[in-house]
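Structure file data14.txt with compact mmCIF, C-alpha atoms:
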# COMPACT_ATOMS: atom_id res chain seq x y z
CA MET A 219 0.00 0.00 0.00
CA GLU A 220 1.41 3.35 -0.98
CA GLU A 221 2.16 5.85 1.75
CA VAL A 222 -0.33 8.65 2.41
CA LYS A 223 0.76 11.89 4.02
CA LEU A 224 -1.35 14.96 4.78
CA LEU A 225 0.19 18.39 5.27
CA GLY A 226 -2.29 20.39 7.31
CA PHE A 227 -2.87 23.12 9.85
CA TRP A 228 -4.89 22.44 13.02
CA ALA A 229 -7.02 25.58 12.62
CA SER A 230 -7.78 25.15 8.93
CA PRO A 231 -11.26 23.91 7.98
CA PHE A 232 -9.78 22.88 4.62
CA SER A 233 -7.41 20.51 6.44
CA ASP A 234 -10.23 19.20 8.63
CA ARG A 235 -12.36 18.14 5.70
CA VAL A 236 -9.54 16.02 4.26
CA ILE A 237 -9.00 14.37 7.66
CA TRP A 238 -12.70 13.55 7.91
CA VAL A 239 -12.81 11.95 4.46
CA LEU A 240 -9.63 9.92 5.03
CA LYS A 241 -11.03 8.63 8.32
CA LEU A 242 -14.48 7.89 6.88
CA LYS A 243 -12.78 5.79 4.21
CA GLY A 244 -10.50 4.08 6.71
CA VAL A 245 -7.35 5.29 4.96
CA ASN A 246 -4.19 5.25 7.09
CA TYR A 247 -2.13 8.39 6.78
CA GLU A 248 0.63 10.35 8.41
CA TYR A 249 -0.30 13.87 9.49
CA VAL A 250 2.27 16.66 9.27
CA GLU A 251 1.43 19.90 11.06
CA GLU A 252 2.40 23.01 9.11
CA ASP A 253 2.76 26.51 10.48
CA PRO A 254 1.36 28.89 7.85
CA TYR A 255 3.62 31.65 9.19
CA ASN A 256 6.71 29.46 8.89
CA LYS A 257 6.19 27.08 5.98
CA THR A 258 8.41 24.03 5.60
CA GLN A 259 10.48 23.22 2.57
CA LEU A 260 8.27 20.20 2.11
CA LEU A 261 5.13 22.33 1.73
CA LEU A 262 6.80 24.83 -0.59
CA GLN A 263 8.09 21.98 -2.70
CA ARG A 264 4.81 20.04 -2.75
CA ASN A 265 2.54 23.03 -3.42
CA PRO A 266 4.76 25.55 -5.16
CA VAL A 267 1.85 27.28 -6.90
CA HIS A 268 -0.29 28.19 -3.88
CA LYS A 269 2.04 27.33 -0.96
CA LYS A 270 -0.96 26.37 1.15
CA VAL A 271 -2.34 23.47 3.11
CA PRO A 272 -3.88 20.99 2.78
CA VAL A 273 -1.64 18.96 0.51
CA LEU A 274 -2.11 15.22 0.14
CA ILE A 275 0.95 13.21 -0.79
CA HIS A 276 0.12 9.69 -2.02
CA GLY A 277 2.88 7.40 -3.21
CA GLY A 278 5.06 10.45 -3.76
CA LYS A 279 2.44 12.31 -5.83
CA SER A 280 1.14 15.66 -4.50
CA ILE A 281 -2.44 16.86 -4.74
CA ALA A 282 -3.40 20.38 -3.64
CA GLU A 283 -6.70 22.29 -3.22
CA SER A 284 -9.07 20.65 -0.77
CA SER A 285 -12.02 20.05 -3.13
CA ILE A 286 -9.67 18.42 -5.64
CA ILE A 287 -8.14 16.32 -2.84
CA LEU A 288 -11.62 15.20 -1.75
CA GLU A 289 -12.51 14.04 -5.28
CA TYR A 290 -9.12 12.29 -5.55
CA ILE A 291 -9.72 10.39 -2.31
CA GLU A 292 -13.25 9.49 -3.42
CA GLU A 293 -11.95 8.07 -6.70
CA THR A 294 -8.88 6.31 -5.27
CA TRP A 295 -10.62 4.73 -2.27
CA PRO A 296 -14.15 3.98 -3.47
CA GLN A 297 -15.30 2.28 -0.24
CA ASN A 298 -17.96 4.19 1.69
CA PRO A 299 -18.79 6.44 -1.29
CA LEU A 300 -19.39 10.08 -0.38
CA LEU A 301 -20.62 11.28 -3.76
CA PRO A 302 -23.87 10.01 -5.31
CA GLN A 303 -23.67 7.41 -8.10
CA ASP A 304 -26.13 9.32 -10.30
CA ALA A 305 -24.41 11.87 -12.55
CA TYR A 306 -27.05 14.56 -12.00
CA GLN A 307 -26.92 14.16 -8.21
CA ARG A 308 -23.14 14.35 -8.40
CA ALA A 309 -23.41 17.58 -10.38
CA MET A 310 -25.72 18.96 -7.67
CA ALA A 311 -23.24 17.95 -4.97
CA ARG A 312 -20.39 19.63 -6.83
CA PHE A 313 -22.57 22.74 -7.30
CA TRP A 314 -23.07 23.10 -3.55
CA ILE A 315 -19.44 22.37 -2.72
CA LYS A 316 -18.44 25.14 -5.12
CA PHE A 317 -21.09 27.49 -3.72
CA GLY A 318 -19.79 26.95 -0.19
CA GLU A 319 -16.22 27.68 -1.25
CA GLU A 320 -17.08 30.79 -3.20
CA LYS A 321 -19.32 32.20 -0.50
CA MET A 322 -17.30 31.23 2.58
CA ALA A 323 -15.46 34.57 2.70
CA THR A 324 -18.74 36.51 2.56
CA ILE A 325 -20.40 34.32 5.19
CA CYS A 326 -17.37 34.84 7.44
CA ALA A 327 -17.06 38.57 6.70
CA VAL A 328 -18.59 39.27 10.14
CA PHE A 329 -15.21 38.18 11.48
CA ARG A 330 -13.28 40.82 9.58
CA THR A 331 -15.67 43.73 10.22
CA ALA A 332 -17.16 45.86 12.94
CA GLY A 333 -19.93 48.45 13.31
CA ALA A 334 -22.04 49.31 10.27
CA GLU A 335 -19.90 47.18 8.01
CA GLN A 336 -20.51 44.18 10.23
CA GLU A 337 -24.25 44.83 10.10
CA LYS A 338 -24.08 44.63 6.33
CA ALA A 339 -21.95 41.48 6.59
CA ILE A 340 -24.62 39.89 8.78
CA GLU A 341 -27.28 40.67 6.18
CA GLU A 342 -25.26 39.21 3.34
CA ALA A 343 -24.37 36.10 5.33
CA THR A 344 -28.03 35.60 6.24
CA GLU A 345 -29.07 35.81 2.59
CA LEU A 346 -26.52 33.20 1.54
CA LEU A 347 -27.33 30.85 4.39
CA LYS A 348 -31.02 31.08 3.46
CA ILE A 349 -30.16 29.94 -0.07
CA MET A 350 -28.13 27.04 1.28
CA GLU A 351 -30.92 26.01 3.64
CA GLU A 352 -33.82 26.33 1.22
CA LYS A 353 -32.28 25.21 -2.03
CA GLY A 354 -29.44 22.98 -0.85
CA LEU A 355 -30.59 21.24 2.29
CA GLY A 356 -34.38 21.48 2.10
CA ASP A 357 -36.06 18.83 4.29
CA LYS A 358 -33.14 16.42 4.17
CA LYS A 359 -31.28 15.32 7.28
CA PHE A 360 -27.96 15.88 5.55
CA PHE A 361 -27.04 17.55 2.27
CA GLY A 362 -26.12 14.03 1.17
CA GLY A 363 -29.55 12.67 2.10
CA ASP A 364 -29.90 10.20 5.00
CA ALA A 365 -26.16 9.83 5.43
CA ILE A 366 -23.38 12.38 5.23
CA GLY A 367 -21.69 13.04 1.92
CA LEU A 368 -19.03 15.24 0.50
CA VAL A 369 -21.25 18.35 0.64
CA ASP A 370 -21.78 17.91 4.40
CA ILE A 371 -18.06 17.49 4.83
CA ALA A 372 -17.30 20.53 2.69
CA PHE A 373 -19.80 22.53 4.79
CA GLY A 374 -18.49 21.10 8.05
CA TRP A 375 -16.88 24.45 8.90
CA LEU A 376 -20.35 25.92 9.12
CA ALA A 377 -21.37 23.37 11.73
CA CYS A 378 -18.22 23.54 13.82
CA LEU A 379 -16.07 26.58 13.15
CA TYR A 380 -18.76 29.16 12.51
CA GLU A 381 -20.04 29.28 16.08
CA VAL A 382 -16.53 30.22 17.17
CA VAL A 383 -16.43 32.90 14.46
CA GLU A 384 -19.75 34.25 15.75
CA LYS A 385 -18.57 34.18 19.36
CA VAL A 386 -15.33 36.11 18.79
CA SER A 387 -17.14 38.53 16.46
CA ALA A 388 -19.91 39.04 19.06
CA VAL A 389 -22.69 38.30 16.58
CA LYS A 390 -25.28 35.59 16.05
CA VAL A 391 -26.12 34.81 12.45
CA LEU A 392 -26.98 31.12 12.32
CA ASP A 393 -29.67 30.99 14.98
CA ALA A 394 -32.18 28.17 15.36
CA ASP A 395 -35.26 30.35 14.77
CA THR A 396 -34.07 31.84 11.48
CA PHE A 397 -32.51 28.61 10.23
CA PRO A 398 -34.39 25.64 11.69
CA GLN A 399 -33.23 23.12 9.07
CA LEU A 400 -29.60 24.24 9.11
CA HIS A 401 -29.67 24.21 12.88
CA ALA A 402 -30.96 20.63 12.91
CA TRP A 403 -28.32 19.67 10.34
CA ILE A 404 -25.59 21.11 12.58
CA GLN A 405 -26.79 19.05 15.55
CA ASN A 406 -26.87 15.91 13.39
CA LEU A 407 -23.43 16.51 11.90
CA LYS A 408 -21.75 17.18 15.23
CA VAL A 409 -22.63 13.73 16.56
CA VAL A 410 -21.19 11.83 13.58
CA PRO A 411 -18.27 10.04 15.32
CA VAL A 412 -15.58 10.92 12.75
CA ILE A 413 -16.53 14.60 12.92
CA LYS A 414 -16.98 14.68 16.69
CA GLU A 415 -13.64 13.01 17.35
CA ASN A 416 -11.70 15.14 14.89
CA LEU A 417 -12.45 18.72 15.77
CA PRO A 418 -9.86 21.31 16.80
CA ASP A 419 -9.77 22.15 20.50
CA HIS A 420 -12.55 24.67 21.11
CA GLN A 421 -10.70 26.92 23.55
CA LYS A 422 -7.57 26.91 21.43
CA MET A 423 -9.66 27.94 18.43
CA VAL A 424 -11.40 30.73 20.36
CA GLY A 425 -7.99 32.14 21.39
CA HIS A 426 -6.60 31.79 17.89
CA LEU A 427 -9.55 33.53 16.20
CA LYS A 428 -9.68 36.26 18.85
CA ARG A 429 -6.08 37.15 18.10
CA ARG A 430 -6.67 37.02 14.37
CA ARG A 431 -9.71 39.28 14.59
CA GLU A 432 -7.79 41.82 16.66
CA THR A 433 -4.95 41.82 14.19
CA HIS A 434 -7.35 42.14 11.29
CA LEU A 435 -9.35 45.03 12.75
CA ALA A 436 -6.12 46.88 13.59
CA LEU A 437 -5.06 46.94 9.94
CA PRO A 438 -5.86 50.09 7.98
CA ASN A 439 -8.34 49.43 5.15
CA CYS A 440 -8.78 45.84 6.20
CA HIS A 441 -12.18 45.52 4.56
CA ASN A 442 -12.25 43.06 1.66
CA MET B 296 -33.61 11.27 -29.79
CA GLY B 297 -36.78 11.23 -27.74
CA GLU B 298 -37.95 13.96 -25.38
CA GLU B 299 -36.46 12.05 -22.46
CA ASN B 300 -32.96 12.59 -23.82
CA LYS B 301 -33.41 16.19 -24.83
CA VAL B 302 -30.43 18.47 -24.25
CA THR B 303 -30.84 22.23 -24.13
CA LEU B 304 -28.04 24.76 -23.59
CA TYR B 305 -28.91 28.24 -22.34
CA GLY B 306 -26.12 30.60 -23.27
CA MET B 307 -24.90 33.96 -24.45
CA TRP B 308 -22.95 34.32 -27.70
CA ALA B 309 -19.88 36.07 -26.23
CA SER B 310 -19.50 33.97 -23.08
CA PRO B 311 -16.31 31.89 -22.84
CA PHE B 312 -18.03 29.72 -20.23
CA VAL B 313 -20.83 28.85 -22.64
CA ARG B 314 -18.25 28.17 -25.36
CA ARG B 315 -16.68 25.49 -23.16
CA VAL B 316 -19.93 23.58 -23.05
CA LYS B 317 -20.48 23.97 -26.82
CA ILE B 318 -17.01 22.52 -27.48
CA ALA B 319 -17.63 19.58 -25.15
CA LEU B 320 -21.05 18.81 -26.68
CA LYS B 321 -19.56 18.93 -30.18
CA ILE B 322 -16.61 16.70 -29.25
CA LYS B 323 -19.02 14.11 -27.88
CA GLY B 324 -21.36 14.47 -30.85
CA ILE B 325 -24.32 15.29 -28.61
CA PRO B 326 -27.21 17.00 -30.42
CA TYR B 327 -28.69 19.90 -28.49
CA GLU B 328 -30.96 22.88 -28.75
CA TYR B 329 -29.30 26.23 -28.11
CA VAL B 330 -31.20 29.09 -26.50
CA GLU B 331 -29.64 32.57 -26.61
CA GLU B 332 -30.26 34.57 -23.45
CA ASP B 333 -30.37 38.34 -23.23
CA LEU B 334 -28.57 38.82 -19.93
CA ARG B 335 -30.15 42.23 -19.43
CA ASN B 336 -33.56 40.58 -19.70
CA LYS B 337 -33.22 37.02 -18.45
CA SER B 338 -35.87 34.52 -19.46
CA GLN B 339 -38.16 32.80 -16.99
CA PHE B 340 -36.50 29.53 -18.00
CA LEU B 341 -33.05 30.74 -16.96
CA LEU B 342 -34.29 32.10 -13.66
CA GLN B 343 -36.11 28.84 -12.99
CA TYR B 344 -33.21 26.60 -14.02
CA ASN B 345 -30.48 28.57 -12.24
CA PRO B 346 -32.26 30.35 -9.40
CA VAL B 347 -29.12 30.57 -7.27
CA HIS B 348 -26.76 32.35 -9.68
CA LYS B 349 -29.10 33.32 -12.57
CA LYS B 350 -26.21 32.88 -15.02
CA VAL B 351 -25.33 31.06 -18.21
CA PRO B 352 -24.38 28.43 -19.17
CA VAL B 353 -27.11 26.11 -17.96
CA LEU B 354 -27.43 22.65 -19.48
CA VAL B 355 -30.82 21.03 -19.20
CA HIS B 356 -30.87 17.26 -19.73
CA ASN B 357 -33.98 15.16 -19.19
CA GLY B 358 -35.52 18.22 -17.56
CA ASN B 359 -32.66 18.43 -15.04
CA PRO B 360 -30.73 21.71 -15.03
CA ILE B 361 -26.97 21.79 -14.39
CA ALA B 362 -25.20 25.11 -13.84
CA GLU B 363 -21.51 26.13 -13.65
CA SER B 364 -19.44 25.37 -16.75
CA LEU B 365 -16.82 23.09 -15.18
CA ILE B 366 -19.51 21.10 -13.41
CA ILE B 367 -21.38 20.78 -16.72
CA LEU B 368 -18.20 19.43 -18.36
CA GLU B 369 -17.83 16.81 -15.63
CA TYR B 370 -21.51 15.90 -16.06
CA ILE B 371 -21.10 15.49 -19.82
CA ASN B 372 -18.05 13.29 -19.24
CA GLU B 373 -19.94 11.05 -16.82
CA THR B 374 -23.24 10.86 -18.68
CA TRP B 375 -22.17 10.25 -22.28
CA LYS B 376 -19.61 7.52 -21.87
CA HIS B 377 -19.13 6.79 -25.57
CA GLY B 378 -16.33 8.32 -27.60
CA ARG B 379 -13.57 10.57 -26.34
CA LYS B 380 -13.21 11.07 -22.62
CA ILE B 381 -13.03 14.68 -21.53
CA LEU B 382 -11.30 13.83 -18.24
CA PRO B 383 -8.49 11.28 -17.72
CA GLU B 384 -9.44 7.97 -16.09
CA ASP B 385 -6.51 7.94 -13.68
CA PRO B 386 -7.38 9.80 -10.45
CA PHE B 387 -4.00 11.55 -10.20
CA GLU B 388 -4.01 12.68 -13.85
CA ARG B 389 -7.57 13.85 -13.29
CA ALA B 390 -6.53 15.80 -10.17
CA LYS B 391 -3.72 17.52 -12.12
CA VAL B 392 -6.09 18.57 -14.89
CA ARG B 393 -8.68 19.81 -12.37
CA PHE B 394 -5.97 21.75 -10.51
CA TRP B 395 -4.82 23.65 -13.60
CA ALA B 396 -8.37 24.21 -14.86
CA ASP B 397 -9.18 25.64 -11.43
CA PHE B 398 -6.06 27.80 -11.65
CA LEU B 399 -7.19 29.21 -15.00
CA GLN B 400 -10.69 29.74 -13.65
CA GLN B 401 -9.62 31.47 -10.41
CA GLN B 402 -6.56 33.45 -11.34
CA PHE B 403 -7.29 35.30 -14.55
CA LEU B 404 -10.85 36.55 -14.73
CA ASP B 405 -10.49 39.47 -12.33
CA SER B 406 -7.27 40.71 -13.93
CA LEU B 407 -8.55 40.28 -17.48
CA CYS B 408 -11.76 42.15 -16.64
CA SER B 409 -9.76 44.84 -14.90
CA ALA B 410 -7.38 45.15 -17.86
CA THR B 411 -10.31 45.46 -20.27
CA LYS B 412 -11.96 48.18 -18.24
CA SER B 413 -8.97 50.32 -17.29
CA ARG B 414 -6.09 52.19 -18.86
CA GLU B 415 -2.56 53.34 -18.08
CA GLU B 416 -1.32 52.33 -14.63
CA ALA B 417 -4.29 50.21 -13.60
CA HIS B 418 -4.25 48.48 -16.97
CA GLU B 419 -0.48 47.88 -16.78
CA LYS B 420 -0.81 46.42 -13.32
CA ALA B 421 -3.62 44.08 -14.36
CA MET B 422 -1.73 42.83 -17.41
CA LYS B 423 1.45 42.32 -15.36
CA ASP B 424 -0.61 40.07 -13.11
CA VAL B 425 -1.95 38.15 -16.12
CA PHE B 426 1.57 37.63 -17.52
CA LYS B 427 2.96 36.52 -14.16
CA LYS B 428 0.24 33.93 -13.77
CA LEU B 429 0.59 32.75 -17.36
CA THR B 430 4.23 32.02 -16.53
CA VAL B 431 3.18 29.97 -13.50
CA PHE B 432 0.71 28.09 -15.70
CA GLU B 433 3.30 27.57 -18.42
CA GLU B 434 5.88 26.20 -15.99
CA GLY B 435 3.35 24.01 -14.21
CA THR B 436 1.95 22.37 -17.34
CA GLU B 437 5.25 21.78 -19.17
CA GLY B 438 5.15 18.12 -18.18
CA PHE B 439 1.83 17.58 -19.98
CA PHE B 440 3.64 17.54 -23.33
CA PRO B 441 6.68 15.29 -23.00
CA ASN B 442 6.90 14.87 -26.77
CA GLY B 443 7.30 18.59 -27.42
CA SER B 444 4.59 20.95 -28.65
CA PRO B 445 0.90 20.38 -28.05
CA HIS B 446 -0.65 18.39 -30.85
CA PHE B 447 -4.24 17.27 -31.20
CA GLU B 448 -5.26 14.28 -33.25
CA GLY B 449 -8.77 14.48 -34.47
CA GLU B 450 -10.56 16.51 -31.85
CA ASN B 451 -9.24 14.93 -28.66
CA LEU B 452 -9.52 18.04 -26.54
CA GLY B 453 -9.71 17.42 -22.83
CA PHE B 454 -10.99 19.34 -19.82
CA LEU B 455 -7.95 21.57 -19.45
CA ASP B 456 -7.62 22.17 -23.20
CA ILE B 457 -11.25 23.29 -23.35
CA VAL B 458 -10.85 25.70 -20.41
CA LEU B 459 -7.63 27.18 -21.84
CA CYS B 460 -9.20 27.49 -25.27
CA SER B 461 -12.25 29.29 -23.91
CA LEU B 462 -10.15 31.74 -21.94
CA PHE B 463 -7.20 32.44 -24.25
CA GLY B 464 -8.02 30.75 -27.54
CA SER B 465 -9.41 33.96 -29.01
CA HIS B 466 -6.50 36.03 -27.72
CA LYS B 467 -5.98 37.61 -31.16
CA VAL B 468 -9.51 39.05 -30.99
CA GLY B 469 -8.79 40.48 -27.55
CA GLU B 470 -5.48 41.79 -28.80
CA GLU B 471 -7.16 43.55 -31.71
CA ALA B 472 -9.85 45.03 -29.46
CA LEU B 473 -7.44 46.26 -26.81
CA THR B 474 -4.43 46.91 -29.10
CA MET B 475 -1.96 44.99 -27.00
CA LYS B 476 -0.35 41.58 -26.81
CA ILE B 477 -1.92 39.00 -24.50
CA ILE B 478 -0.31 35.73 -25.57
CA ASP B 479 3.21 36.51 -26.76
CA PRO B 480 5.07 33.53 -28.28
CA GLU B 481 8.34 34.90 -26.89
CA ARG B 482 7.04 35.26 -23.37
CA HIS B 483 4.74 32.24 -23.21
CA PRO B 484 5.76 29.84 -25.98
CA LEU B 485 3.91 26.82 -24.59
CA VAL B 486 0.57 28.59 -24.12
CA HIS B 487 0.96 30.20 -27.54
CA SER B 488 1.64 26.92 -29.33
CA TRP B 489 -1.11 25.22 -27.30
CA VAL B 490 -3.86 27.68 -28.28
CA THR B 491 -2.54 27.88 -31.87
CA ALA B 492 -2.78 24.08 -32.21
CA MET B 493 -6.31 24.11 -30.80
CA ASN B 494 -7.40 26.94 -33.08
CA GLU B 495 -6.72 24.70 -36.10
CA LEU B 496 -9.42 22.25 -35.08
CA PRO B 497 -12.87 22.48 -36.71
CA VAL B 498 -14.66 22.07 -33.35
CA VAL B 499 -12.84 25.17 -32.07
CA LYS B 500 -13.39 27.19 -35.26
CA GLU B 501 -17.08 26.32 -35.30
CA THR B 502 -17.64 27.60 -31.77
CA LEU B 503 -15.88 30.92 -32.29
CA PRO B 504 -18.13 33.93 -31.86
CA PRO B 505 -18.16 36.21 -34.97
CA ARG B 506 -14.89 38.14 -34.88
CA ASP B 507 -16.05 41.68 -35.65
CA LYS B 508 -18.97 41.37 -33.29
CA MET B 509 -16.58 40.19 -30.54
CA VAL B 510 -14.09 43.03 -31.12
CA ALA B 511 -16.93 45.55 -30.92
CA PHE B 512 -18.27 43.85 -27.78
CA ILE B 513 -14.91 43.98 -25.96
CA GLN B 514 -14.39 47.58 -27.03
CA SER B 515 -17.83 48.52 -25.75
CA LEU B 516 -17.05 46.90 -22.37
CA ARG B 517 -13.92 48.99 -22.24
CA GLY B 518 -15.65 52.13 -23.51
CA ASN B 519 -18.51 51.88 -21.03
CA SER B 520 -16.11 51.66 -18.09
CA LEU B 521 -13.82 54.46 -19.17
CA ASP B 522 -16.54 57.06 -19.90
If you took the structure in this file and wrote it as structure tokens, what would it be?
Amino acid sequence: MEEVKLLGFWASPFSDRVIWVLKLKGVNYEYVEEDPYNKTQLLLQRNPVHKKVPVLIHGGKSIAESSIILEYIEETWPQNPLLPQDAYQRAMARFWIKFGEEKMATICAVFRTAGAEQEKAIEEATELLKIMEEKGLGDKKFFGGDAIGLVDIAFGWLACLYEVVEKVSAVKVLDADTFPQLHAWIQNLKVVPVIKENLPDHQKMVGHLKRRRETHLALPNCHN
Amino acid sequence: MGEENKVTLYGMWASPFVRRVKIALKIKGIPYEYVEEDLRNKSQFLLQYNPVHKKVPVLVHNGNPIAESLIILEYINETWKHGRKILPEDPFERAKVRFWADFLQQQFLDSLCSATKSREEAHEKAMKDVFKKLTVFEEGTEGFFPNGSPHFEGENLGFLDIVLCSLFGSHKVGEEALTMKIIDPERHPLVHSWVTAMNELPVVKETLPPRDKMVAFIQSLRGNSLD
């Protein structure tokens, strides 16, 4: 069996999703912690284009970009499939994965803003989350249906990281009254053993995001 | 072809994203109905089939709408299994192709739009960014052509070829409209020979928007922003 190595960062939701998929598939791997502020030669060599984590190294071959890594894992280790078999359902799954990635920065903009700007960020996040809830999740237990799939994993940050984002930003966006289905989905996702057992330490994450928010708000013209 | 296999493509004549889907459908020999959308006055069909983004292209197959051009390409690859494969079978080769297609998709659009709509310093800056990234792309994809220059037998364009073709294939039209070089054979020999080889193929020629109309369109985009 060829060796599998994952270069990741404990606070990165993009790293987390790769860990979850590897564990759901029962793939053994070696985890290498990277410091994004002090990148190793290995990372720079294995992802010279973006210089970011996660990077999956399988039998010496490097794969970068988390959504591409997830599809690679799905195709290489087909046990416990996380994408639907039907081509149209797969296209729908890929649509929502892409939506989540494109809109993540906007949904998390509350973290980078304060005052009136943050109010606007809350509005925009609410609008996007409504779309995800109504058109993506609907009445389903998970985005994948009765069991979790790649879309749930790709949105895992919303279930786990986002409440920390809200806490350090002193806002509440994803509340149970406004988003009953998403709220139920979050509760269901959090108890999936692989997710539950592979979450970053809550307190550590609160401290980390607090510091990052302070740094961000102290920058001139930090709005983006 | 019965109603149950009907394929409809909602598009706009100048859109490179729509062109990708046209190329893929032609390569696979899939008959389809094309519906031109006026993006300033979107049809009820478009709004119904792509309620989230309200954009083209949208492919409707068996009444099921699929949006986002790269996702449509993957869908075509998986649904019509006969003939040429658009994506490689090997997962690693597939990941490489997806990576560089994603690079093209993510890294150029903002700068190209900015270059079209600005002049002088802002324009220079945007084009510098485009050239820098073209170099990264060129260096990263060198290994795809171990036998030398890109060469296409028949019409065996793949996922990455199609994305590159849609973005930079018509560079000469852009160059005429903006009076500047975009793909310089001295600066980016691989990309230049790659798009030149693709531009010889009938499937690429047949999906080209009318040249004069395209030049005027790009110039109007530029004109509208600079006034």
For the interface of chain A with chain B (cut-off 12 Å, counting only C-alpha atoms), please tabulate each contacting residue of chain A alongside its nearest pair of atoms and their separation in Å to one decimal, rows sorted by chain and increasing number, as a tab-separated table.
residue	atom	partner	partner_atom	distance
A:Asn265	CA	B:Gly435	CA	10.9
A:Pro266	CA	B:Gly435	CA	9.3
A:Val267	CA	B:Val431	CA	7.3
A:His268	CA	B:Phe398	CA	9.7
A:Leu274	CA	B:Phe387	CA	11.1
A:Ile275	CA	B:Phe387	CA	10.8
A:His276	CA	B:Phe387	CA	9.3
A:Gly277	CA	B:Phe387	CA	10.6
A:Gly278	CA	B:Phe387	CA	11.2
A:Lys279	CA	B:Phe387	CA	7.8
A:Ser280	CA	B:Phe387	CA	8.7
A:Ile281	CA	B:Ala390	CA	6.9
A:Ala282	CA	B:Phe394	CA	7.5
A:Glu283	CA	B:Phe394	CA	7.3
A:Ser284	CA	B:Phe394	CA	10.3
A:Ser285	CA	B:Phe394	CA	9.7
A:Ile286	CA	B:Ala390	CA	6.1
A:Ile287	CA	B:Ala390	CA	7.5
A:Leu288	CA	B:Ala390	CA	9.9
A:Glu289	CA	B:Ala390	CA	7.9
A:Tyr290	CA	B:Pro386	CA	5.8
A:Ile291	CA	B:Pro386	CA	8.5
A:Glu292	CA	B:Pro386	CA	9.2
A:Glu293	CA	B:Pro386	CA	6.2
A:Thr294	CA	B:Pro386	CA	6.4
A:Trp295	CA	B:Pro386	CA	10.2
A:Pro296	CA	B:Pro386	CA	11.3
A:Gln303	CA	B:Glu373	CA	10.2
A:Asp304	CA	B:Thr374	CA	9.0
A:Ala305	CA	B:Tyr370	CA	6.1
A:Tyr306	CA	B:Tyr370	CA	7.0
A:Gln307	CA	B:Tyr370	CA	9.7
A:Arg308	CA	B:Tyr370	CA	8.0
A:Ala309	CA	B:Ile366	CA	6.1
A:Met310	CA	B:Ile361	CA	7.4
A:Ala311	CA	B:Ile366	CA	9.8
A:Arg312	CA	B:Ile366	CA	6.8
A:Phe313	CA	B:Ile366	CA	7.0
A:Trp314	CA	B:Val347	CA	10.3
A:Ile315	CA	B:Ile366	CA	10.8
A:Lys316	CA	B:Glu363	CA	9.1
A:Phe317	CA	B:Val347	CA	9.3
A:Glu319	CA	B:Gln401	CA	11.9
A:Glu320	CA	B:Gln401	CA	10.4
A:Lys321	CA	B:His348	CA	11.8
A:Glu345	CA	B:Val347	CA	11.2
A:Leu346	CA	B:Val347	CA	9.6
A:Leu347	CA	B:Val347	CA	11.8
A:Lys348	CA	B:Val347	CA	10.9
A:Ile349	CA	B:Val347	CA	7.3
A:Met350	CA	B:Val347	CA	9.3
A:Glu351	CA	B:Val347	CA	12.0
A:Glu352	CA	B:Val347	CA	10.6
A:Lys353	CA	B:Val347	CA	8.1
A:Gly354	CA	B:Val347	CA	9.9
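Going from atom CA of B:Val510 to atom CA of B:Asn345 covers 28.9 Å.
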(request) Just give me the gap between atom CA of B:Met475 and atom CA of B:Ala410 in Å, one decimal is fine. (result) 10.6 Å
(request) Find the spatial neighbours of stretch 416-430 of chain A, counting all atoms listed in the file, within a cut-off of 12 Å - ignore same-chain residues fewer than 3 positions away - and output them as a PyMOL selection string. (result) chain A and resi 227-231+233-242+326+329-331+374-375+377-388+407-413+433-437
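Interatomic distance, atom CA of B:Pro504 to atom CA of B:Ala309: 6.3 Å.
Within 12 Å of the point (-27.6, 41.5, -20.0), counting all atoms listed in the file, the protein and nucleic acid residues come to Gly306, Met307, Trp308, Ala309, Ser310, Glu331, Glu332, Asp333, Leu334, Arg335, Asn336, Lys337, Ser338, Lys349, Lys350 and Val351 of chain B.
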(message) Can you pull out the residues contacting B:Leu516? Cut-off 8 Å, using all atoms listed in the file, and skip same-chain residues under 4 positions away; I want them as a VMD selection string.
(response) chain B and resid 411 to 412 512 520
(message) Could you check which residues have any atom within 6 Å of (-18.8, 28.9, -19.0), counting only C-alpha atoms with coordinates taken straight from the file, and then list them as a VMD selection string?
(response) chain B and resid 311 to 313 315 352 364
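In terms of minimum interatomic distance to B:Val355, B:Leu304 ranks closest within B:Leu304, B:Val330, B:Val425, B:Val499, counting all atoms listed in the file.
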(request) Fewer than 2 positions away in the same chain doesn't count, so skip those; otherwise give me all residues within 9 Å of A:Ala339, counting all atoms listed in the file, as a PyMOL selection string. (result) chain A and resi 324-329+331+334-337+341-344
Residues as selected, C-alpha atoms, written as a tab-separated table (two decimals), in the coordinates of the input, can you do that?
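After the write, part14.tsv holds the following:
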chain	number	residue	atom	x	y	z
A	324	THR	CA	-18.74	36.51	2.56
A	325	ILE	CA	-20.40	34.32	5.19
A	326	CYS	CA	-17.37	34.84	7.44
A	327	ALA	CA	-17.06	38.57	6.70
A	328	VAL	CA	-18.59	39.27	10.14
A	329	PHE	CA	-15.21	38.18	11.48
A	331	THR	CA	-15.67	43.73	10.22
A	334	ALA	CA	-22.04	49.31	10.27
A	335	GLU	CA	-19.90	47.18	8.01
A	336	GLN	CA	-20.51	44.18	10.23
A	337	GLU	CA	-24.25	44.83	10.10
A	341	GLU	CA	-27.28	40.67	6.18
A	342	GLU	CA	-25.26	39.21	3.34
A	343	ALA	CA	-24.37	36.10	5.33
A	344	THR	CA	-28.03	35.60	6.24
All file atoms of stretch 378-397 of chain A boxed axis-aligned, 6 Å per side, centre plus edges, as lines of an AutoDock Vina configuration file:
center_x = -25.3
center_y = 31.3
center_z = 14.8
size_x = 31.9
size_y = 27.5
size_z = 21.1
